[in-house]
file run_37.cif (mmCIF, C-alpha atoms (C1' of nucleotides))
data_upload
loop_
_atom_site.label_atom_id
_atom_site.label_comp_id
_atom_site.auth_asym_id
_atom_site.auth_seq_id
_atom_site.Cartn_x
_atom_site.Cartn_y
_atom_site.Cartn_z
CA MET A 1 -16.30 29.83 -25.64
CA ILE A 2 -13.85 30.28 -22.89
CA GLY A 3 -13.55 33.40 -20.94
CA PRO A 4 -12.88 34.87 -17.55
CA GLY A 5 -14.66 33.01 -14.88
CA CYS A 6 -16.25 30.82 -17.45
CA HIS A 7 -15.25 27.37 -16.41
CA TYR A 8 -16.67 25.69 -19.36
CA SER A 9 -14.69 23.92 -21.96
CA PRO A 10 -15.17 22.02 -25.19
CA GLY A 11 -16.01 18.38 -25.60
CA LEU A 12 -16.78 16.22 -22.64
CA TRP A 13 -14.55 18.12 -20.28
CA GLN A 14 -15.89 19.42 -17.09
CA PRO A 15 -13.28 21.72 -15.64
CA ILE A 16 -14.20 22.26 -12.06
CA PRO A 17 -13.71 25.78 -10.78
CA LEU A 18 -11.92 25.55 -7.51
CA THR A 19 -11.71 29.17 -6.67
CA SER A 20 -13.00 32.28 -8.14
CA TYR A 21 -10.70 35.15 -7.76
CA LEU A 22 -12.41 36.50 -10.77
CA TRP A 23 -10.50 39.01 -12.74
CA ARG A 24 -13.41 41.35 -13.06
CA SER A 25 -14.40 41.45 -9.44
CA GLU A 26 -10.83 41.81 -8.28
CA SER A 27 -10.14 44.81 -10.44
CA ARG A 28 -13.29 46.46 -9.18
CA CYS A 29 -12.36 46.29 -5.54
CA GLY A 30 -8.60 46.34 -5.86
CA GLY A 31 -6.24 47.30 -8.62
CA MET A 32 -7.67 49.35 -11.37
CA VAL A 33 -9.58 52.00 -9.50
CA ASP A 34 -6.80 52.69 -7.05
CA ALA A 35 -4.31 52.77 -9.83
CA ILE A 36 -6.17 55.41 -11.72
CA ASP A 37 -6.73 57.46 -8.59
CA SER A 38 -3.12 57.27 -7.59
CA LYS A 39 -1.86 58.49 -10.92
CA SER A 40 -3.26 61.89 -10.26
CA ILE A 41 -1.47 62.07 -6.96
CA ILE A 42 1.80 60.68 -8.19
CA ARG A 43 3.21 63.97 -9.36
CA LYS A 44 2.82 65.48 -5.95
CA ASP A 45 3.87 62.77 -3.61
CA VAL A 46 6.41 60.06 -4.14
CA GLU A 47 5.32 58.15 -1.05
CA VAL A 48 1.83 57.70 -2.34
CA ARG A 49 3.15 56.59 -5.64
CA VAL A 50 5.17 53.77 -4.14
CA LEU A 51 2.28 52.63 -2.01
CA SER A 52 -0.11 52.76 -4.87
CA SER A 53 2.03 50.84 -7.27
CA ALA A 54 2.36 48.19 -4.60
CA GLN A 55 -1.39 48.00 -4.40
CA MET A 56 -1.71 47.81 -8.13
CA LYS A 57 -1.36 44.13 -8.67
CA THR A 58 -0.53 42.50 -11.93
CA PRO A 59 -3.30 40.36 -13.35
CA ILE A 60 -2.28 36.79 -14.01
CA ILE A 61 -4.07 33.57 -14.83
CA VAL A 62 -3.15 30.19 -13.42
CA VAL A 63 -4.37 27.05 -15.12
CA CYS A 64 -3.66 24.09 -12.91
CA GLY A 65 -4.90 20.56 -12.32
CA PRO A 66 -3.70 16.99 -12.46
CA THR A 67 -2.02 15.44 -15.44
CA SER A 68 -3.97 14.61 -18.58
CA THR A 69 -6.80 17.04 -17.98
CA GLY A 70 -6.03 19.09 -21.06
CA LYS A 71 -4.41 22.09 -19.43
CA SER A 72 -2.12 22.94 -22.34
CA ASP A 73 -4.86 22.94 -24.89
CA TYR A 74 -7.22 24.89 -22.69
CA ALA A 75 -4.55 27.46 -22.00
CA VAL A 76 -3.81 28.04 -25.68
CA THR A 77 -7.45 28.78 -26.37
CA LEU A 78 -7.53 31.05 -23.36
CA ALA A 79 -4.39 32.84 -24.46
CA LYS A 80 -5.84 33.48 -27.88
CA GLU A 81 -8.96 35.02 -26.40
CA ARG A 82 -7.24 37.03 -23.75
CA ASN A 83 -4.03 38.11 -25.39
CA GLY A 84 -2.02 35.83 -23.22
CA GLU A 85 1.39 34.24 -23.25
CA ILE A 86 2.00 30.94 -21.59
CA ILE A 87 4.48 30.10 -18.88
CA SER A 88 4.80 26.40 -18.27
CA ALA A 89 4.97 25.29 -14.65
CA ASP A 90 6.15 21.76 -15.15
CA SER A 91 9.23 20.34 -13.52
CA ARG A 92 9.97 17.95 -16.39
CA GLN A 93 9.03 20.03 -19.40
CA VAL A 94 11.82 22.44 -18.56
CA TYR A 95 14.28 19.87 -19.88
CA LYS A 96 15.36 19.68 -23.48
CA GLY A 97 14.57 16.35 -25.03
CA LEU A 98 11.89 15.32 -22.58
CA ASP A 99 9.05 15.76 -25.03
CA ILE A 100 6.64 12.90 -25.51
CA GLY A 101 7.23 11.47 -22.07
CA SER A 102 6.58 14.75 -20.34
CA GLY A 103 3.55 15.54 -22.46
CA LYS A 104 5.14 18.68 -23.81
CA ILE A 105 3.06 20.74 -26.18
CA THR A 106 4.21 20.66 -29.82
CA ALA A 107 4.97 23.74 -31.89
CA LYS A 108 1.88 23.10 -33.94
CA GLU A 109 -0.35 22.79 -30.90
CA MET A 110 0.89 26.14 -29.63
CA ARG A 111 -1.07 27.76 -32.47
CA GLY A 112 1.21 30.74 -32.46
CA VAL A 113 0.89 31.50 -28.78
CA PRO A 114 4.29 32.18 -27.18
CA HIS A 115 5.37 29.59 -24.60
CA HIS A 116 7.99 30.13 -21.95
CA LEU A 117 9.96 27.92 -19.58
CA LEU A 118 10.05 24.96 -21.92
CA ASP A 119 13.40 23.44 -22.93
CA VAL A 120 15.45 25.65 -20.67
CA ALA A 121 17.52 22.97 -18.97
CA ASN A 122 19.88 20.12 -19.71
CA PRO A 123 18.40 16.79 -18.63
CA LYS A 124 21.78 15.53 -17.47
CA ARG A 125 21.71 18.00 -14.63
CA THR A 126 19.00 18.68 -12.11
CA PHE A 127 17.01 21.80 -12.51
CA ASN A 128 15.62 23.51 -9.43
CA ILE A 129 12.96 25.81 -8.17
CA VAL A 130 15.15 28.84 -7.74
CA ARG A 131 16.18 28.75 -11.35
CA TYR A 132 12.57 28.22 -12.26
CA LYS A 133 11.47 31.23 -10.29
CA LYS A 134 14.17 33.44 -11.71
CA LEU A 135 13.25 32.57 -15.27
CA ALA A 136 9.53 32.74 -14.63
CA ASP A 137 9.77 36.15 -12.95
CA LYS A 138 11.70 37.43 -15.92
CA ALA A 139 9.23 35.96 -18.40
CA ILE A 140 6.30 37.48 -16.55
CA ALA A 141 7.91 40.90 -16.49
CA ASP A 142 8.55 40.72 -20.23
CA ILE A 143 5.02 39.61 -21.00
CA VAL A 144 3.55 42.40 -18.93
CA LYS A 145 5.84 44.88 -20.63
CA ARG A 146 4.47 43.72 -23.96
CA GLY A 147 1.01 44.40 -22.66
CA ASN A 148 0.00 40.77 -22.62
CA ILE A 149 -1.35 38.69 -19.82
CA PRO A 150 0.78 35.92 -18.33
CA ILE A 151 -0.87 32.53 -18.07
CA ILE A 152 0.87 30.04 -15.84
CA VAL A 153 0.01 26.51 -16.87
CA GLY A 154 1.15 23.34 -15.25
CA GLY A 155 0.90 20.59 -12.74
CA THR A 156 3.87 21.37 -10.52
CA GLY A 157 2.26 23.07 -7.57
CA PHE A 158 5.55 23.86 -5.89
CA TYR A 159 6.64 25.94 -8.88
CA ILE A 160 3.31 27.71 -9.14
CA ASP A 161 3.45 28.63 -5.47
CA ALA A 162 6.96 29.99 -5.68
CA VAL A 163 5.99 32.39 -8.44
CA ILE A 164 2.49 33.37 -7.42
CA PHE A 165 3.30 33.95 -3.75
CA ASN A 166 6.73 35.30 -4.57
CA GLN A 167 8.42 32.97 -2.13
CA GLN A 168 11.86 34.19 -1.20
CA LEU A 169 13.83 31.01 -0.92
CA PRO A 170 17.16 31.20 0.91
CA ALA A 171 20.05 31.94 -1.41
CA VAL A 172 22.07 28.89 -0.52
CA LYS A 173 23.28 26.83 -3.41
CA PRO A 174 23.40 23.07 -3.27
CA ASN A 175 26.67 21.88 -1.83
CA PRO A 176 27.51 18.52 -3.39
CA LEU A 177 30.33 17.75 -1.01
CA LEU A 178 28.22 18.37 2.05
CA ARG A 179 25.36 16.39 0.58
CA LYS A 180 27.62 13.49 -0.11
CA ALA A 181 28.85 13.49 3.45
CA LEU A 182 25.35 13.84 4.87
CA SER A 183 24.01 11.04 2.73
CA LYS A 184 26.08 8.64 4.76
CA LEU A 185 24.39 9.60 7.99
CA SER A 186 21.39 7.83 9.42
CA LEU A 187 18.02 9.44 9.73
CA PHE A 188 18.55 9.87 13.43
CA GLU A 189 21.94 11.48 12.99
CA LEU A 190 20.51 13.94 10.49
CA GLN A 191 17.74 14.82 12.91
CA GLU A 192 20.24 15.42 15.70
CA LYS A 193 22.39 17.56 13.48
CA LEU A 194 19.55 19.78 12.40
CA GLN A 195 18.27 20.09 15.93
CA GLN A 196 21.69 21.35 16.99
CA LEU A 197 22.02 23.76 14.11
CA ASP A 198 18.51 25.13 13.96
CA SER A 199 16.05 23.99 16.58
CA GLU A 200 13.34 26.21 15.20
CA ARG A 201 13.37 24.64 11.77
CA TYR A 202 13.62 21.26 13.40
CA GLU A 203 10.21 21.85 14.94
CA THR A 204 8.49 22.40 11.63
CA ILE A 205 10.33 20.05 9.31
CA ASP A 206 9.19 16.55 8.38
CA ILE A 207 11.76 14.72 10.47
CA HIS A 208 11.35 11.48 8.56
CA ASN A 209 12.30 13.01 5.26
CA LYS A 210 16.01 12.71 4.60
CA VAL A 211 15.94 14.89 1.52
CA ARG A 212 14.41 17.74 3.46
CA LEU A 213 16.71 17.27 6.43
CA VAL A 214 19.78 17.38 4.24
CA ARG A 215 18.62 20.54 2.56
CA ALA A 216 17.80 22.22 5.87
CA ILE A 217 21.21 21.29 7.25
CA GLU A 218 22.79 22.64 4.10
CA ILE A 219 21.10 25.99 4.57
CA ALA A 220 21.78 26.15 8.29
CA THR A 221 25.43 25.29 7.74
CA ALA A 222 25.82 28.08 5.23
CA ILE A 223 23.90 30.92 6.86
CA GLY A 224 23.31 29.83 10.43
CA SER A 225 19.63 28.96 10.27
CA VAL A 226 16.83 28.36 7.85
CA PRO A 227 15.02 31.65 7.35
CA LYS A 228 11.26 31.68 7.55
CA ILE A 229 9.82 31.89 4.14
CA GLU A 230 8.28 35.17 3.19
CA LYS A 231 5.27 35.26 1.02
CA SER A 232 3.73 38.19 -0.70
CA SER A 233 1.34 38.47 -3.51
CA GLN A 234 1.93 40.89 -6.28
CA PHE A 235 -0.67 39.36 -8.53
CA GLU A 236 -4.36 39.53 -9.05
CA VAL A 237 -4.79 35.85 -9.67
CA GLU A 238 -7.51 34.19 -11.63
CA TRP A 239 -7.37 30.52 -10.74
CA ILE A 240 -8.62 27.92 -13.13
CA TYR A 241 -8.55 24.32 -12.01
CA LEU A 242 -9.16 21.51 -14.47
CA ASP A 243 -10.17 18.06 -13.37
CA HIS A 244 -12.41 15.14 -14.21
CA PRO A 245 -14.21 12.46 -12.24
CA ASP A 246 -11.88 9.56 -11.42
CA GLU A 247 -13.28 7.17 -14.01
CA VAL A 248 -13.01 9.68 -16.83
CA LEU A 249 -9.52 10.77 -15.90
CA LYS A 250 -8.31 7.19 -15.57
CA GLU A 251 -9.51 6.48 -19.06
CA LEU A 252 -7.89 9.63 -20.45
CA ILE A 253 -4.61 8.67 -18.81
CA HIS A 254 -4.79 5.16 -20.21
CA ASP A 255 -5.56 6.29 -23.75
CA ARG A 256 -2.94 8.98 -23.69
CA LEU A 257 -0.32 6.57 -22.46
CA LEU A 258 -0.93 4.18 -25.35
CA LYS A 259 -1.02 7.03 -27.81
CA ARG A 260 2.34 8.27 -26.62
CA VAL A 261 3.88 4.83 -26.80
CA ARG A 262 2.77 4.69 -30.42
CA LYS A 263 4.25 8.11 -31.00
CA GLY A 264 7.69 6.89 -30.00
CA MET A 265 7.94 7.62 -26.31
CA ILE A 266 10.10 4.57 -25.70
CA LYS A 267 12.46 5.56 -28.47
CA GLU A 268 12.72 8.99 -26.92
CA VAL A 269 13.98 7.54 -23.66
CA GLU A 270 16.38 5.27 -25.51
CA GLN A 271 17.66 8.29 -27.39
CA LEU A 272 18.19 10.26 -24.20
CA HIS A 273 20.23 7.43 -22.78
CA LYS A 274 22.31 7.24 -25.94
CA GLN A 275 22.99 10.93 -25.61
CA GLY A 276 24.48 10.32 -22.21
CA VAL A 277 21.63 10.61 -19.74
CA ALA A 278 22.39 7.87 -17.23
CA TRP A 279 19.82 5.22 -16.35
CA SER A 280 19.91 6.36 -12.76
CA ARG A 281 19.15 9.89 -13.84
CA LEU A 282 16.24 8.74 -16.00
CA GLU A 283 14.91 6.71 -13.11
CA ALA A 284 15.10 9.73 -10.86
CA LEU A 285 13.02 11.73 -13.30
CA GLY A 286 10.10 9.52 -12.40
CA LEU A 287 6.96 8.29 -14.13
CA GLU A 288 7.44 7.66 -17.86
CA TYR A 289 11.20 8.12 -17.73
CA ARG A 290 11.64 5.87 -14.74
CA TYR A 291 9.51 3.01 -15.95
CA ILE A 292 10.63 3.09 -19.55
CA ALA A 293 14.24 3.17 -18.38
CA LEU A 294 13.56 0.07 -16.30
CA TYR A 295 11.96 -1.58 -19.31
CA LEU A 296 14.89 -0.72 -21.55
CA GLN A 297 17.25 -2.25 -19.01
CA ASN A 298 15.16 -5.42 -19.11
CA LYS A 299 14.14 -5.03 -15.52
CA LEU A 300 10.48 -4.99 -16.47
CA SER A 301 8.41 -6.55 -19.21
CA MET A 302 6.43 -4.33 -21.53
CA THR A 303 3.10 -5.18 -19.93
CA SER A 304 4.18 -4.81 -16.35
CA MET A 305 5.98 -1.61 -17.25
CA LEU A 306 2.76 -0.15 -18.64
CA GLU A 307 0.70 -1.44 -15.74
CA GLN A 308 3.00 -0.06 -13.10
CA LEU A 309 3.42 3.19 -14.94
CA GLU A 310 -0.30 3.76 -15.18
CA ASN A 311 -0.60 3.01 -11.53
CA THR A 312 2.12 5.43 -10.60
CA ILE A 313 0.62 8.14 -12.77
CA TRP A 314 -2.60 7.78 -10.81
CA GLN A 315 -0.73 8.13 -7.54
CA TYR A 316 0.80 11.27 -8.95
CA VAL A 317 -2.65 12.60 -9.85
CA LYS A 318 -3.67 12.24 -6.24
CA ARG A 319 -0.60 14.05 -4.97
CA GLN A 320 -1.36 16.86 -7.37
CA ARG A 321 -4.95 17.05 -6.19
CA THR A 322 -3.80 17.19 -2.59
CA TRP A 323 -1.59 20.13 -3.45
CA PHE A 324 -4.19 22.01 -5.43
CA LYS A 325 -6.80 21.59 -2.74
CA LYS A 326 -5.15 24.36 -0.81
CA TYR A 327 -6.00 26.82 -3.54
CA THR A 328 -9.66 26.31 -2.75
CA LYS A 329 -9.26 27.55 0.78
"C1'" G X 1 -4.43 -44.07 -8.41
"C1'" C X 2 -0.05 -43.89 -5.05
"C1'" G X 3 3.63 -40.57 -3.00
"C1'" U X 4 4.91 -35.71 -1.85
"C1'" C X 5 4.71 -30.37 -1.06
"C1'" G X 6 1.26 -26.70 -0.46
"C1'" G X 7 -3.77 -23.87 0.27
"C1'" U X 8 -3.07 -17.28 5.15
"C1'" G X 9 -6.24 -10.63 4.70
"C1'" G X 10 -7.31 -6.94 -2.45
"C1'" U X 11 -2.33 -9.43 -4.30
"C1'" A X 12 2.54 -11.62 -3.21
"C1'" G X 13 4.31 -13.85 0.91
"C1'" A X 14 5.99 -14.62 6.60
"C1'" G X 15 4.19 -17.09 10.85
"C1'" C X 16 4.06 -23.30 12.36
"C1'" G X 17 0.51 -24.37 19.94
"C1'" G X 18 -0.50 -18.92 23.79
"C1'" U X 19 2.62 -12.36 23.53
"C1'" C X 20 -1.78 -13.18 16.16
"C1'" A X 21 -6.61 -9.37 13.48
"C1'" A X 22 -1.84 -12.09 12.11
"C1'" U X 23 5.85 -9.52 10.28
"C1'" U X 24 6.78 -7.48 5.50
"C1'" A X 25 6.13 -5.71 0.46
"C1'" C X 26 2.72 -4.10 -3.18
"C1'" A X 27 -2.06 -2.18 -4.20
"C1'" A X 28 -5.96 1.02 -2.03
"C1'" C X 29 -7.38 5.54 0.76
"C1'" A X 30 -6.04 10.21 3.22
"C1'" G X 31 -2.22 13.77 4.04
"C1'" A X 32 2.63 16.76 4.11
"C1'" C X 33 5.67 19.84 1.13
"C1'" U X 34 11.61 26.29 2.28
"C1'" G X 35 17.01 24.94 -4.10
"C1'" U X 36 15.79 16.57 -6.33
"C1'" A X 37 8.88 18.30 -6.11
"C1'" A X 38 6.78 13.31 -12.02
"C1'" A X 39 10.95 13.69 -6.47
"C1'" U X 40 10.81 12.83 -1.24
"C1'" C X 41 8.07 11.74 3.11
"C1'" U X 42 3.78 10.56 6.78
"C1'" G X 43 -0.80 8.22 8.50
"C1'" U X 44 -4.82 4.56 7.88
"C1'" C X 45 -5.63 -0.14 5.93
"C1'" G X 46 -11.23 -7.37 8.68
"C1'" C X 47 -16.17 -5.60 10.86
"C1'" C X 48 -18.39 -2.82 15.03
"C1'" U X 49 -17.12 0.57 19.00
"C1'" U X 50 -19.41 4.95 24.37
"C1'" C X 51 -11.98 3.81 22.02
"C1'" G X 52 -12.16 0.16 27.53
"C1'" G X 53 -13.22 -3.35 24.24
"C1'" G X 54 -16.51 -6.64 21.37
"C1'" C X 55 -17.27 -9.86 17.03
"C1'" U X 56 -15.91 -12.81 12.65
"C1'" A X 57 -11.44 -14.69 10.46
"C1'" C X 58 -5.67 -18.10 8.15
"C1'" G X 59 -9.49 -23.95 1.94
"C1'" A X 60 -14.05 -27.06 4.47
"C1'" A X 61 -15.88 -30.12 8.37
"C1'" G X 62 -14.74 -32.58 12.68
"C1'" G X 63 -11.17 -33.67 16.73
"C1'" U X 64 -6.94 -33.09 20.56
"C1'" U X 65 -5.81 -29.06 24.14
"C1'" C X 66 -6.96 -24.63 29.50
"C1'" A X 67 -5.47 -22.47 24.56
"C1'" A X 68 -4.99 -23.94 17.31
"C1'" A X 69 -3.42 -20.07 11.43
"C1'" U X 70 -0.08 -23.40 13.94
"C1'" C X 71 -1.10 -30.64 16.13
"C1'" C X 72 -4.51 -35.02 14.35
"C1'" U X 73 -8.49 -37.12 10.92
"C1'" U X 74 -11.45 -36.86 6.65
"C1'" C X 75 -12.90 -34.12 2.49
"C1'" C X 76 -12.19 -30.33 -1.42
"C1'" C X 77 -8.52 -27.64 -4.49
"C1'" G X 78 -3.39 -26.72 -6.74
"C1'" G X 79 2.06 -27.89 -7.90
"C1'" C X 80 5.58 -31.74 -8.47
"C1'" G X 81 7.27 -37.07 -8.76
"C1'" C X 82 5.93 -42.17 -9.89
"C1'" A X 83 2.34 -44.87 -12.36
#
call {"tool": "encode", "arguments": {"input": "run_37.cif", "output": "structure tokens"}}
result
Amino acid sequence: MIGPGCHYSPGLWQPIPLTSYLWRSESRCGGMVDAIDSKSIIRKDVEVRVLSSAQMKTPIIVVCGPTSTGKSDYAVTLAKERNGEIISADSRQVYKGLDIGSGKITAKEMRGVPHHLLDVANPKRTFNIVRYKKLADKAIADIVKRGNIPIIVGGTGFYIDAVIFNQQLPAVKPNPLLRKALSKLSLFELQEKLQQLDSERYETIDIHNKVRLVRAIEIATAIGSVPKIEKSSQFEVEWIYLDHPDEVLKELIHDRLLKRVRKGMIKEVEQLHKQGVAWSRLEALGLEYRYIALYLQNKLSMTSMLEQLENTIWQYVKRQRTWFKKYTK
RNA sequence: GCGUCGGUGGUAGAGCGGUCAAUUACAACAGACUGUAAAUCUGUCGCCUUCGGGCUACGAAGGUUCAAAUCCUUCCCGGCGCA
């Protein structure tokens, strides 16, 4: 059985609870009681009402963890038990057509549980976090309206953060012309430019990271400076972190990779390319799409493609773990 | 068997008398993360350390030299050419 705060799961899995903002304990000290109390006051005082509804946080569940730990499956079971609907937090599963390679759940595996934020973007164009947040916020609101509990499931920590902590990202759209011009500059020139435009952001940014520098300059150019990010939490979060010991996870990754190759993952990438997704775009998508694209272009043999891919997946696992570690604090 | 080229850190591969514990890339390990986030970027990476330094290392053993991964000799191993 799977339930709130019960970090137990079927088979040989050993989901490790990272945090325990348990739903039950939270509602005792926070939301529910206040909410009920405030209702009686509402009719008399609008001020109190606003304050109280701010205090009344929406319960939400987050299932996170590195790739191949069985998040999707776990979440479906959880959703069935808890009346939940699932919101994917995966930067590649948002794209139509990236199915096997991204490890997207199949209709059958959903077992009737509604899933959101899958197949919402065209793989030829880059999706981004602001669009993700907009769609996710909307999905959450709808789910809550239906009286169900939203369950955010995925391995993209950046996306999870944006939604859970309600990060207000600056409303500056990507400017392709500016980016093109900036891409010609050296690292040093980009650093100088940002320092001139916004010395405060310059202090906090990773000054070796061109991508970040370009984005910061883009924002500063448009609105003067990069605003400090505001975080707030409107949710009562129950965190569930799934992981396995290294050896177990490595084996799961290996087996799953072979299984997906057998299921036609290579054909999927070939198909995407035929439909007009450029090799360079596929390579930029990373992991499976990058390495299979290289293989299809005869830049890698089958064996070295699989070897390198497995290796890169493991590096990704470690980046994910690094990200999720902050949820334990 | 003769000739020839080579044997360098987990791997590939620089260095060819001192400034070499040894460029670089990959792997490994740790970390960052404000509209590309499966992306992008950073640090560490022989052993020990009181962080000054100490010790062991470039196939093996000898030798030349103030000084050798770098030169010489022999041996072992691999590629190629001729037999």
call {"tool": "resolve_selection", "arguments": {"input": "run_37.cif", "expression": "the PyMOL selection byres ((chain X) within 9 of (chain A))", "output": "list in words"}}
result
G31, A32, C33, U34, G35, U36, A37, A38, A39, U40, C41 and U42 of chain X
call {"tool": "resolve_selection", "arguments": {"input": "run_37.cif", "expression": "the PyMOL selection byres ((chain X and resi 7-23) around 9)", "output": "ChimeraX atom specification"}}
result
/X:6,24-28,46,57-59,65,67-71,77-78
call {"tool": "closest_residue", "arguments": {"input": "run_37.cif", "among": "A:Leu258, A:Ile151, A:Leu197, A:Val76", "to": "Ala220 in chain A", "atoms": "all atoms listed in the file"}}
result
A:Leu197
call {"tool": "atom_distance", "arguments": {"input": "run_37.cif", "atom1": "CA of Arg260 in chain A", "atom2": "CA of Lys104 in chain A"}}
result
11.1 Å
call {"tool": "atom_distance", "arguments": {"input": "run_37.cif", "atom1": "CA of Asn166 in chain A", "atom2": "CA of Arg125 in chain A"}}
result
25.0 Å
call {"tool": "atom_distance", "arguments": {"input": "run_37.cif", "atom1": "CA of Val237 in chain A", "atom2": "CA of Pro59 in chain A"}}
result
6.0 Å
call {"tool": "residues_around", "arguments": {"input": "run_37.cif", "residues": "range 249-252 of chain A", "least_positions_apart": "6", "cutoff": "8 Å", "atoms": "all atoms listed in the file", "output": "MDAnalysis selection string"}}
result
chainID A and resid 68:69 243 314
call {"tool": "resolve_selection", "arguments": {"input": "run_37.cif", "expression": "the PyMOL selection byres ((chain A and resi 267) around 12)", "output": "list in words"}}
result
Gly97, Leu98, Asp99, Ile100, Gly101, Arg260, Val261, Arg262, Lys263, Gly264, Met265, Ile266, Glu268, Val269, Glu270, Gln271, Leu272, His273, Lys274, Glu288, Tyr289, Ile292, Ala293, Tyr295 and Leu296 of chain A
call {"tool": "closest_residue", "arguments": {"input": "run_37.cif", "among": "A:Ile240, A:Ile60, A:Leu306, A:Ala141", "to": "Leu257 in chain A", "atoms": "all atoms listed in the file"}}
result
A:Leu306
call {"tool": "residues_around", "arguments": {"input": "run_37.cif", "residues": "C75 in chain X", "least_positions_apart": "5", "cutoff": "12 Å", "atoms": "all atoms listed in the file", "output": "number ranges by chain"}}
result
X: 59-62
call {"tool": "build_atoms", "arguments": {"input": "run_37.cif", "residues": "range 151-165 of chain A", "atoms": "N, CA and C atoms", "output": "PDB file, in the coordinates of the input"}}
result
ATOM      1  N   ILE A 151      -0.039  33.669 -18.459  1.00  0.00           N
ATOM      2  CA  ILE A 151      -0.870  32.530 -18.070  1.00  0.00           C
ATOM      3  C   ILE A 151       0.058  31.406 -17.627  1.00  0.00           C
ATOM      4  N   ILE A 152       0.034  31.113 -16.353  1.00  0.00           N
ATOM      5  CA  ILE A 152       0.870  30.040 -15.840  1.00  0.00           C
ATOM      6  C   ILE A 152       0.101  28.735 -15.953  1.00  0.00           C
ATOM      7  N   VAL A 153       0.714  27.765 -16.615  1.00  0.00           N
ATOM      8  CA  VAL A 153       0.010  26.510 -16.870  1.00  0.00           C
ATOM      9  C   VAL A 153       0.864  25.338 -16.457  1.00  0.00           C
ATOM     10  N   GLY A 154       0.361  24.517 -15.569  1.00  0.00           N
ATOM     11  CA  GLY A 154       1.150  23.340 -15.250  1.00  0.00           C
ATOM     12  C   GLY A 154       0.644  22.578 -14.047  1.00  0.00           C
ATOM     13  N   GLY A 155       1.317  21.482 -13.803  1.00  0.00           N
ATOM     14  CA  GLY A 155       0.900  20.590 -12.740  1.00  0.00           C
ATOM     15  C   GLY A 155       1.858  20.549 -11.564  1.00  0.00           C
ATOM     16  N   THR A 156       2.907  21.371 -11.623  1.00  0.00           N
ATOM     17  CA  THR A 156       3.870  21.370 -10.520  1.00  0.00           C
ATOM     18  C   THR A 156       3.513  22.469  -9.533  1.00  0.00           C
ATOM     19  N   GLY A 157       2.763  22.096  -8.522  1.00  0.00           N
ATOM     20  CA  GLY A 157       2.260  23.070  -7.570  1.00  0.00           C
ATOM     21  C   GLY A 157       3.348  23.868  -6.867  1.00  0.00           C
ATOM     22  N   PHE A 158       4.426  23.205  -6.577  1.00  0.00           N
ATOM     23  CA  PHE A 158       5.550  23.860  -5.890  1.00  0.00           C
ATOM     24  C   PHE A 158       6.056  25.051  -6.708  1.00  0.00           C
ATOM     25  N   TYR A 159       6.173  24.871  -8.002  1.00  0.00           N
ATOM     26  CA  TYR A 159       6.640  25.940  -8.880  1.00  0.00           C
ATOM     27  C   TYR A 159       5.624  27.065  -8.969  1.00  0.00           C
ATOM     28  N   ILE A 160       4.356  26.685  -9.060  1.00  0.00           N
ATOM     29  CA  ILE A 160       3.310  27.710  -9.140  1.00  0.00           C
ATOM     30  C   ILE A 160       3.329  28.568  -7.884  1.00  0.00           C
ATOM     31  N   ASP A 161       3.406  27.909  -6.744  1.00  0.00           N
ATOM     32  CA  ASP A 161       3.450  28.630  -5.470  1.00  0.00           C
ATOM     33  C   ASP A 161       4.594  29.627  -5.415  1.00  0.00           C
ATOM     34  N   ALA A 162       5.764  29.154  -5.798  1.00  0.00           N
ATOM     35  CA  ALA A 162       6.960  29.990  -5.680  1.00  0.00           C
ATOM     36  C   ALA A 162       6.780  31.289  -6.449  1.00  0.00           C
ATOM     37  N   VAL A 163       6.156  31.206  -7.610  1.00  0.00           N
ATOM     38  CA  VAL A 163       5.990  32.390  -8.440  1.00  0.00           C
ATOM     39  C   VAL A 163       4.825  33.245  -7.962  1.00  0.00           C
ATOM     40  N   ILE A 164       3.698  32.621  -7.764  1.00  0.00           N
ATOM     41  CA  ILE A 164       2.490  33.370  -7.420  1.00  0.00           C
ATOM     42  C   ILE A 164       2.609  34.058  -6.057  1.00  0.00           C
ATOM     43  N   PHE A 165       3.184  33.369  -5.091  1.00  0.00           N
ATOM     44  CA  PHE A 165       3.300  33.950  -3.750  1.00  0.00           C
ATOM     45  C   PHE A 165       4.676  34.573  -3.525  1.00  0.00           C
TER      46      PHE A 165
END
